[in-house]
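With CSV, C-alpha atoms inside, this is model.csv:
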```csv
chain,number,residue,atom,x,y,z
A,1,MET,CA,-8.2,16.6,21.6
A,2,PRO,CA,-9.3,17.5,18.0
A,3,ASP,CA,-12.4,15.8,16.9
A,4,GLY,CA,-12.1,13.4,13.9
A,5,SER,CA,-15.8,13.3,12.9
A,6,GLU,CA,-15.9,15.7,9.9
A,7,ASN,CA,-16.7,12.9,7.4
A,8,GLY,CA,-17.4,10.0,9.9
A,9,LEU,CA,-14.3,8.1,8.8
A,10,LEU,CA,-11.6,6.9,11.2
A,11,LYS,CA,-8.4,8.8,10.5
A,12,LEU,CA,-5.2,6.8,10.1
A,13,TYR,CA,-2.1,9.0,10.2
A,14,THR,CA,0.9,7.3,8.6
A,15,THR,CA,3.4,7.6,5.7
A,16,PRO,CA,4.0,5.5,2.6
A,17,THR,CA,7.4,4.4,3.8
A,18,SER,CA,6.7,3.6,7.4
A,19,PRO,CA,6.9,-0.2,7.9
A,20,TYR,CA,4.8,0.1,11.0
A,21,GLY,CA,2.2,2.0,9.2
A,22,ARG,CA,2.3,-0.6,6.4
A,23,ILE,CA,1.4,-3.3,8.9
A,24,VAL,CA,-1.8,-1.4,9.7
A,25,ARG,CA,-2.6,-0.6,6.1
A,26,VAL,CA,-2.2,-4.3,5.1
A,27,VAL,CA,-4.5,-5.3,8.0
A,28,LEU,CA,-7.1,-2.8,6.9
A,29,ARG,CA,-7.2,-4.3,3.4
A,30,GLU,CA,-7.1,-7.9,4.6
A,31,LEU,CA,-10.1,-7.3,6.8
A,32,GLY,CA,-12.1,-5.4,4.2
A,33,GLN,CA,-12.1,-2.3,6.4
A,34,ARG,CA,-10.3,0.1,4.1
A,35,GLU,CA,-13.4,2.2,3.2
A,36,ARG,CA,-14.0,3.1,6.8
A,37,PHE,CA,-10.7,4.8,7.1
A,38,GLU,CA,-9.1,8.0,5.8
A,39,GLU,CA,-5.3,7.6,5.4
A,40,ILE,CA,-3.5,10.9,6.1
A,41,VAL,CA,0.2,11.7,5.6
A,42,PRO,CA,1.2,14.0,8.5
A,43,ILE,CA,4.3,16.2,8.6
A,44,THR,CA,6.8,14.6,10.9
A,45,ARG,CA,10.3,15.3,12.1
A,46,GLN,CA,9.8,19.0,11.5
A,47,PRO,CA,9.8,21.6,14.3
A,48,GLY,CA,6.4,23.2,14.8
A,49,SER,CA,4.5,20.6,12.8
A,50,PRO,CA,0.7,20.8,13.5
A,51,TYR,CA,0.7,17.0,13.8
A,52,TYR,CA,2.4,17.4,17.2
A,53,ASP,CA,-0.7,19.3,18.5
A,54,LEU,CA,-2.6,16.1,17.6
A,55,ASN,CA,-0.1,13.5,18.7
A,56,PRO,CA,2.5,14.8,21.2
A,57,SER,CA,4.9,11.9,20.5
A,58,GLY,CA,4.9,12.7,16.8
A,59,ARG,CA,5.1,9.0,16.0
A,60,ILE,CA,3.2,7.0,13.4
A,61,PRO,CA,0.9,5.2,12.9
A,62,TYR,CA,-1.7,7.0,14.9
A,63,LEU,CA,-5.5,6.4,14.7
A,64,LEU,CA,-8.1,9.0,15.5
A,65,LEU,CA,-11.7,8.0,16.0
A,66,PRO,CA,-14.7,10.2,15.3
A,67,ASP,CA,-15.3,10.8,19.0
A,68,GLY,CA,-11.7,12.0,19.5
A,69,THR,CA,-10.3,8.8,21.1
A,70,ALA,CA,-6.8,8.1,19.7
A,71,PHE,CA,-4.7,5.0,19.5
A,72,GLU,CA,-0.9,4.9,18.9
A,73,GLY,CA,1.3,2.0,17.8
A,74,SER,CA,0.7,-0.6,15.1
A,75,ASN,CA,-0.2,-3.5,17.4
A,76,LEU,CA,-2.8,-1.6,19.4
A,77,ILE,CA,-4.3,-0.1,16.2
A,78,CYS,CA,-4.4,-3.5,14.5
A,79,ASP,CA,-6.1,-5.1,17.6
A,80,TYR,CA,-8.7,-2.3,17.5
A,81,ILE,CA,-9.3,-2.8,13.7
A,82,ASP,CA,-9.6,-6.5,14.1
A,83,ALA,CA,-12.2,-6.1,16.8
A,84,ILE,CA,-14.5,-3.7,15.0
A,85,ASP,CA,-16.8,-6.4,13.7
A,86,GLU,CA,-16.3,-8.5,16.8
A,87,ALA,CA,-14.8,-11.4,14.8
A,88,PRO,CA,-11.0,-11.1,15.1
A,89,ARG,CA,-9.2,-12.9,12.4
A,90,LEU,CA,-5.6,-11.6,12.4
A,91,SER,CA,-4.9,-11.0,16.1
A,92,ALA,CA,-3.6,-13.4,18.8
A,93,PRO,CA,-5.9,-16.3,19.4
A,94,LEU,CA,-7.5,-16.8,22.7
A,95,GLY,CA,-6.9,-20.5,22.8
A,96,GLY,CA,-3.9,-22.7,23.4
A,97,ASP,CA,-1.7,-21.1,20.7
A,98,ARG,CA,-1.9,-17.7,22.2
A,99,TRP,CA,1.4,-17.5,23.9
A,100,GLU,CA,3.2,-19.1,21.0
A,101,TYR,CA,1.6,-16.6,18.7
A,102,LEU,CA,2.6,-13.7,20.9
A,103,ARG,CA,6.1,-15.0,21.2
A,104,LEU,CA,6.5,-15.1,17.4
A,105,GLU,CA,4.8,-11.8,17.0
A,106,GLN,CA,7.2,-10.1,19.3
A,107,SER,CA,10.2,-11.7,17.6
A,108,ALA,CA,8.9,-10.4,14.3
A,109,LEU,CA,8.5,-6.9,15.7
A,110,ALA,CA,12.0,-7.1,17.3
A,111,PHE,CA,13.4,-8.0,13.8
A,112,MET,CA,11.6,-5.0,12.3
A,113,ASP,CA,12.8,-2.7,15.1
A,114,GLY,CA,16.4,-3.5,14.4
A,115,LEU,CA,15.9,-2.9,10.6
A,116,ALA,CA,14.2,0.4,11.3
A,117,VAL,CA,17.2,1.5,13.3
A,118,TRP,CA,19.5,0.4,10.5
A,119,GLY,CA,17.5,2.2,7.9
A,120,ARG,CA,17.4,5.4,10.0
A,121,GLU,CA,21.2,5.4,10.4
A,122,LEU,CA,21.7,4.9,6.7
A,123,ARG,CA,19.6,8.1,6.0
A,124,ARG,CA,22.0,10.2,8.0
A,125,PRO,CA,24.8,12.0,6.1
A,126,ASP,CA,27.8,9.8,5.5
A,127,ALA,CA,29.9,11.8,7.9
A,128,ASP,CA,27.4,11.4,10.7
A,129,ARG,CA,26.8,7.7,10.5
A,130,SER,CA,27.9,5.4,13.3
A,131,ALA,CA,29.9,2.5,12.0
A,132,GLU,CA,29.2,0.7,15.3
A,133,ILE,CA,25.4,1.1,14.9
A,134,LEU,CA,25.5,-0.1,11.3
A,135,ALA,CA,27.6,-3.1,12.2
A,136,HIS,CA,25.4,-4.0,15.2
A,137,GLU,CA,22.2,-3.8,13.3
A,138,ALA,CA,23.6,-5.7,10.3
A,139,ALA,CA,24.6,-8.5,12.6
A,140,ARG,CA,21.2,-8.5,14.3
A,141,ALA,CA,19.4,-8.6,11.0
A,142,ASN,CA,21.5,-11.5,9.8
A,143,ARG,CA,20.8,-13.5,13.0
A,144,CYS,CA,17.1,-12.7,12.8
A,145,VAL,CA,16.7,-13.6,9.2
A,146,ALA,CA,18.5,-16.9,9.8
A,147,TYR,CA,16.1,-17.6,12.7
A,148,TRP,CA,13.0,-16.9,10.5
A,149,ALA,CA,14.4,-19.0,7.7
A,150,ALA,CA,14.3,-21.9,10.1
A,151,GLN,CA,10.6,-21.2,11.0
A,152,THR,CA,9.1,-21.5,7.6
A,153,ASP,CA,7.5,-24.9,8.5
A,154,HIS,CA,6.0,-23.5,11.8
A,155,ALA,CA,2.2,-23.9,11.8
A,156,LEU,CA,1.7,-20.2,12.6
A,157,VAL,CA,4.0,-19.2,9.8
A,158,THR,CA,2.6,-21.4,7.2
A,159,GLY,CA,-1.1,-21.5,8.1
A,160,ASN,CA,-3.8,-18.9,7.4
A,161,LEU,CA,-2.6,-15.4,7.2
A,162,ASN,CA,-2.1,-13.7,10.6
A,163,ARG,CA,-0.3,-10.7,12.0
A,164,VAL,CA,2.9,-12.7,12.7
A,165,GLN,CA,3.2,-13.3,8.9
A,166,ILE,CA,2.3,-9.8,8.0
A,167,ILE,CA,4.9,-8.3,10.3
A,168,LEU,CA,7.6,-10.7,9.1
A,169,ALA,CA,6.8,-10.0,5.5
A,170,VAL,CA,6.9,-6.2,5.9
A,171,ALA,CA,10.2,-6.6,7.7
A,172,LEU,CA,11.7,-8.8,4.9
A,173,HIS,CA,10.6,-6.3,2.3
A,174,LEU,CA,12.9,-3.7,3.9
A,175,ASP,CA,15.7,-5.2,1.9
A,176,HIS,CA,14.6,-2.9,-0.9
A,177,ARG,CA,15.6,0.1,1.3
A,178,ILE,CA,18.7,-1.4,2.9
A,179,PRO,CA,21.0,-2.7,0.1
A,180,ALA,CA,23.3,-4.4,2.5
A,181,PHE,CA,20.3,-6.5,3.8
A,182,ALA,CA,20.7,-9.0,1.0
A,183,TRP,CA,19.1,-12.0,2.5
A,184,ARG,CA,17.3,-13.7,-0.4
A,185,ASP,CA,20.1,-15.6,-2.1
A,186,ARG,CA,21.3,-16.9,1.3
A,187,HIS,CA,17.8,-18.1,2.4
A,188,PRO,CA,15.9,-19.2,-0.7
A,189,GLY,CA,13.3,-21.1,1.3
A,190,LEU,CA,12.3,-17.9,3.1
A,191,ALA,CA,12.2,-16.1,-0.2
A,192,ASP,CA,9.9,-18.7,-1.5
A,193,TRP,CA,7.7,-18.3,1.6
A,194,LEU,CA,7.5,-14.5,1.0
A,195,MET,CA,6.6,-14.7,-2.6
A,196,PRO,CA,2.8,-15.5,-2.4
A,197,ILE,CA,2.4,-13.0,0.4
A,198,SER,CA,4.1,-10.3,-1.6
A,199,LEU,CA,1.6,-10.9,-4.4
A,200,ARG,CA,-1.5,-10.4,-2.2
A,201,ARG,CA,-3.5,-7.3,-3.1
A,202,SER,CA,-3.0,-5.9,0.4
A,203,PHE,CA,0.8,-5.9,-0.1
A,204,VAL,CA,0.8,-4.7,-3.7
A,205,ASP,CA,-1.4,-1.8,-2.7
A,206,THR,CA,0.7,-0.8,0.2
A,207,ASP,CA,4.1,-1.1,-1.5
A,208,PRO,CA,6.1,2.0,-0.5
A,209,LYS,CA,6.2,3.0,-4.1
A,210,ALA,CA,2.4,3.1,-4.4
A,211,PRO,CA,0.5,6.3,-3.6
A,212,ILE,CA,-0.9,6.3,-0.1
A,213,GLY,CA,-4.6,6.1,0.2
A,214,ILE,CA,-5.0,3.6,-2.6
A,215,ALA,CA,-7.9,1.2,-2.1
```

Could you rewrite the structure in this file as structure tokens?
Amino acid sequence: MPDGSENGLLKLYTTPTSPYGRIVRVVLRELGQRERFEEIVPITRQPGSPYYDLNPSGRIPYLLLPDGTAFEGSNLICDYIDAIDEAPRLSAPLGGDRWEYLRLEQSALAFMDGLAVWGRELRRPDADRSAEILAHEAARANRCVAYWAAQTDHALVTGNLNRVQIILAVALHLDHRIPAFAWRDRHPGLADWLMPISLRRSFVDTDPKAPIGIA
């Protein structure tokens, strides 16, 4: 495996528009770890990309350590980042709330997974789009957003910032890329919940319209 030690930084491969990459980028900033990482935009979805020699799956985000060890997937990478200083703040707690936290975290990821499928289908040429997939994912998104609108008083959703909240907020922000995902007027309470999170520096700096690598 190629070595990532040229400048001593941990190398995070992601793109400005990846919601999964944005989760990691938000976590980096919330934990004050941004300066330890180099954010690199790889070439993906292109035959023969040199990135595939580094990461055979070609997926992002992907983290390469100076010793050549690599981690793939937003949850695993976030767990690693949160453990760097041996004082995790954003990961699943070890106490009695652990299973409830993991349950909500997985629900938020499932919500995002469906939105990602919806968005990818919309990027296909009109003639190639599947009406069945579009309808299925729209219905899934509407069910999920209604579920989360009913969770805004849950202690793990309203308490100190955690990864459940980060994943949910990143997912909800995908309405800017999926015009039909117009949830805000239907769920004003959830929109109110999202507002202060959207204004956090970590979310402003990782807005898909912002240049990647911004501190």

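Ranking A:Leu109, A:Leu65, A:Ala135, A:Ala182 by their shortest atom-to-atom distance to A:Lys11, with only C-alpha atoms included, puts A:Leu65 first.
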
Between A:Pro179, A:Arg201, A:Val26, A:Leu31, single out the one closest to A:Pro88, counting only C-alpha atoms.
->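 Looking only at the distances to A:Pro88, the closest residue turns out to be A:Leu31.
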
Closest atom pairs, residues of stretch 32-149 of chain A within 9 Å of stretch 170-175 of chain A, all atoms listed in the file, as CSV:
```
residue,atom,partner,partner_atom,distance
A:Ala108,CA,A:Ala171,CA,7.7
A:Leu109,CA,A:Ala171,CA,8.2
A:Phe111,CA,A:Ala171,CA,7.0
A:Met112,CA,A:Ala171,CA,5.1
A:Asp113,CA,A:Ala171,CA,8.8
A:Leu115,CA,A:Leu174,CA,7.4
A:Ala116,CA,A:Leu174,CA,8.6
A:Gly119,CA,A:Leu174,CA,8.5
A:Val145,CA,A:Leu172,CA,8.2
```

Axis-aligned box over every listed atom of stretch 165-175 of chain A, padded by 4 Å per side: centre and edges in Å to one decimal, as JSON?
```
{"center_x": 9.0, "center_y": -8.5, "center_z": 6.1, "size_x": 21.4, "size_y": 17.6, "size_z": 16.4}
```

Selection: 12 Å around A:Leu161, only C-alpha atoms, excl. self and same-chain fewer than 2 positions, as a list in words =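 Skipping anything fewer than 2 positions along the chain leaves Val26, Val27, Glu30, Leu31, Arg89, Leu90, Ser91, Ala92, Ala155, Leu156, Val157, Thr158, Gly159, Arg163, Val164, Gln165, Ile166, Ile167, Leu168, Ala169, Leu194, Pro196, Ile197, Arg200 and Ser202 of chain A.
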
Would you mind reading off the distance between atom CA of A:Pro56 and atom CA of A:Tyr13, one decimal, in Å?
-> 13.3 Å

Can you tell me how far atom CA of A:Thr206 sits from atom CA of A:Pro16, in Å to one decimal?
->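 Between atom CA of A:Thr206 and atom CA of A:Pro16 the gap is 7.5 Å.
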
Would you kindly identify which residues have an atom no farther than 7 Å from (16.8, -10.4, 14.1), using only C-alpha atoms and the file's own coordinates, and write them out as a list in words?
-> Ala110, Phe111, Gly114, Arg140, Ala141, Asn142, Arg143, Cys144 and Val145 of chain A

Please, what distance in Å, to one decimal, runs between atom CA of A:Gln33 and atom CA of A:His176?
-> 27.7 Å

From A:Pro61, A:Pro208, A:Gly96, A:Pro42, residue lying nearest A:Val24 [only C-alpha atoms] = A:Pro61

N, CA, C and O atoms for stretch 56-80 of chain A, written as a CSV table (one decimal), in the coordinates of the input, could you do that?
```
chain,number,residue,atom,x,y,z
A,56,PRO,N,1.3,14.3,20.6
A,56,PRO,CA,2.5,14.8,21.2
A,56,PRO,C,3.8,14.1,20.9
A,56,PRO,O,4.9,14.6,20.8
A,57,SER,N,3.7,12.7,20.8
A,57,SER,CA,4.9,11.9,20.5
A,57,SER,C,5.4,12.1,19.1
A,57,SER,O,6.6,11.9,18.8
A,58,GLY,N,4.5,12.5,18.2
A,58,GLY,CA,4.9,12.7,16.8
A,58,GLY,C,5.1,11.4,16.0
A,58,GLY,O,5.5,11.5,14.8
A,59,ARG,N,4.8,10.3,16.6
A,59,ARG,CA,5.1,9.0,16.0
A,59,ARG,C,3.9,8.5,15.1
A,59,ARG,O,2.8,9.0,15.3
A,60,ILE,N,4.2,7.6,14.3
A,60,ILE,CA,3.2,7.0,13.4
A,60,ILE,C,3.3,5.5,13.5
A,60,ILE,O,4.5,5.0,13.8
A,61,PRO,N,2.3,4.7,13.3
A,61,PRO,CA,0.9,5.2,12.9
A,61,PRO,C,0.1,5.7,14.1
A,61,PRO,O,0.5,5.3,15.3
A,62,TYR,N,-0.9,6.4,13.8
A,62,TYR,CA,-1.7,7.0,14.9
A,62,TYR,C,-3.2,7.0,14.3
A,62,TYR,O,-3.4,7.4,13.2
A,63,LEU,N,-4.1,6.5,15.2
A,63,LEU,CA,-5.5,6.4,14.7
A,63,LEU,C,-6.4,7.3,15.6
A,63,LEU,O,-6.3,7.2,16.8
A,64,LEU,N,-7.2,8.1,14.9
A,64,LEU,CA,-8.1,9.0,15.5
A,64,LEU,C,-9.5,8.6,15.2
A,64,LEU,O,-9.9,8.6,14.0
A,65,LEU,N,-10.3,8.3,16.2
A,65,LEU,CA,-11.7,8.0,16.0
A,65,LEU,C,-12.6,9.2,16.0
A,65,LEU,O,-12.2,10.3,16.4
A,66,PRO,N,-13.8,9.1,15.4
A,66,PRO,CA,-14.7,10.2,15.3
A,66,PRO,C,-15.0,10.9,16.6
A,66,PRO,O,-15.3,12.1,16.7
A,67,ASP,N,-15.0,10.2,17.7
A,67,ASP,CA,-15.3,10.8,19.0
A,67,ASP,C,-14.0,11.4,19.7
A,67,ASP,O,-14.1,11.9,20.8
A,68,GLY,N,-12.9,11.4,19.0
A,68,GLY,CA,-11.7,12.0,19.5
A,68,GLY,C,-10.8,11.1,20.2
A,68,GLY,O,-9.6,11.4,20.6
A,69,THR,N,-11.2,9.8,20.5
A,69,THR,CA,-10.3,8.8,21.1
A,69,THR,C,-9.2,8.5,20.1
A,69,THR,O,-9.4,8.4,18.9
A,70,ALA,N,-8.0,8.3,20.6
A,70,ALA,CA,-6.8,8.1,19.7
A,70,ALA,C,-6.1,6.8,20.2
A,70,ALA,O,-6.0,6.5,21.4
A,71,PHE,N,-5.5,6.1,19.3
A,71,PHE,CA,-4.7,5.0,19.5
A,71,PHE,C,-3.3,5.2,18.8
A,71,PHE,O,-3.3,5.6,17.7
A,72,GLU,N,-2.3,4.8,19.5
A,72,GLU,CA,-0.9,4.9,18.9
A,72,GLU,C,-0.2,3.6,18.9
A,72,GLU,O,-0.4,2.8,19.9
A,73,GLY,N,0.5,3.3,17.9
A,73,GLY,CA,1.3,2.0,17.8
A,73,GLY,C,0.6,1.0,16.9
A,73,GLY,O,-0.7,0.8,17.0
A,74,SER,N,1.3,0.3,16.1
A,74,SER,CA,0.7,-0.6,15.1
A,74,SER,C,0.0,-1.8,15.7
A,74,SER,O,-1.1,-2.1,15.3
A,75,ASN,N,0.5,-2.4,16.8
A,75,ASN,CA,-0.2,-3.5,17.4
A,75,ASN,C,-1.5,-3.1,18.0
A,75,ASN,O,-2.5,-3.8,17.8
A,76,LEU,N,-1.5,-2.0,18.8
A,76,LEU,CA,-2.8,-1.6,19.4
A,76,LEU,C,-3.8,-1.2,18.3
A,76,LEU,O,-5.0,-1.6,18.4
A,77,ILE,N,-3.4,-0.5,17.3
A,77,ILE,CA,-4.3,-0.1,16.2
A,77,ILE,C,-4.8,-1.4,15.5
A,77,ILE,O,-6.0,-1.5,15.2
A,78,CYS,N,-4.0,-2.3,15.2
A,78,CYS,CA,-4.4,-3.5,14.5
A,78,CYS,C,-5.4,-4.3,15.4
A,78,CYS,O,-6.4,-4.8,14.8
A,79,ASP,N,-5.2,-4.4,16.7
A,79,ASP,CA,-6.1,-5.1,17.6
A,79,ASP,C,-7.5,-4.4,17.5
A,79,ASP,O,-8.5,-5.1,17.5
A,80,TYR,N,-7.5,-3.1,17.5
A,80,TYR,CA,-8.7,-2.3,17.5
A,80,TYR,C,-9.5,-2.6,16.1
A,80,TYR,O,-10.7,-2.9,16.1
```
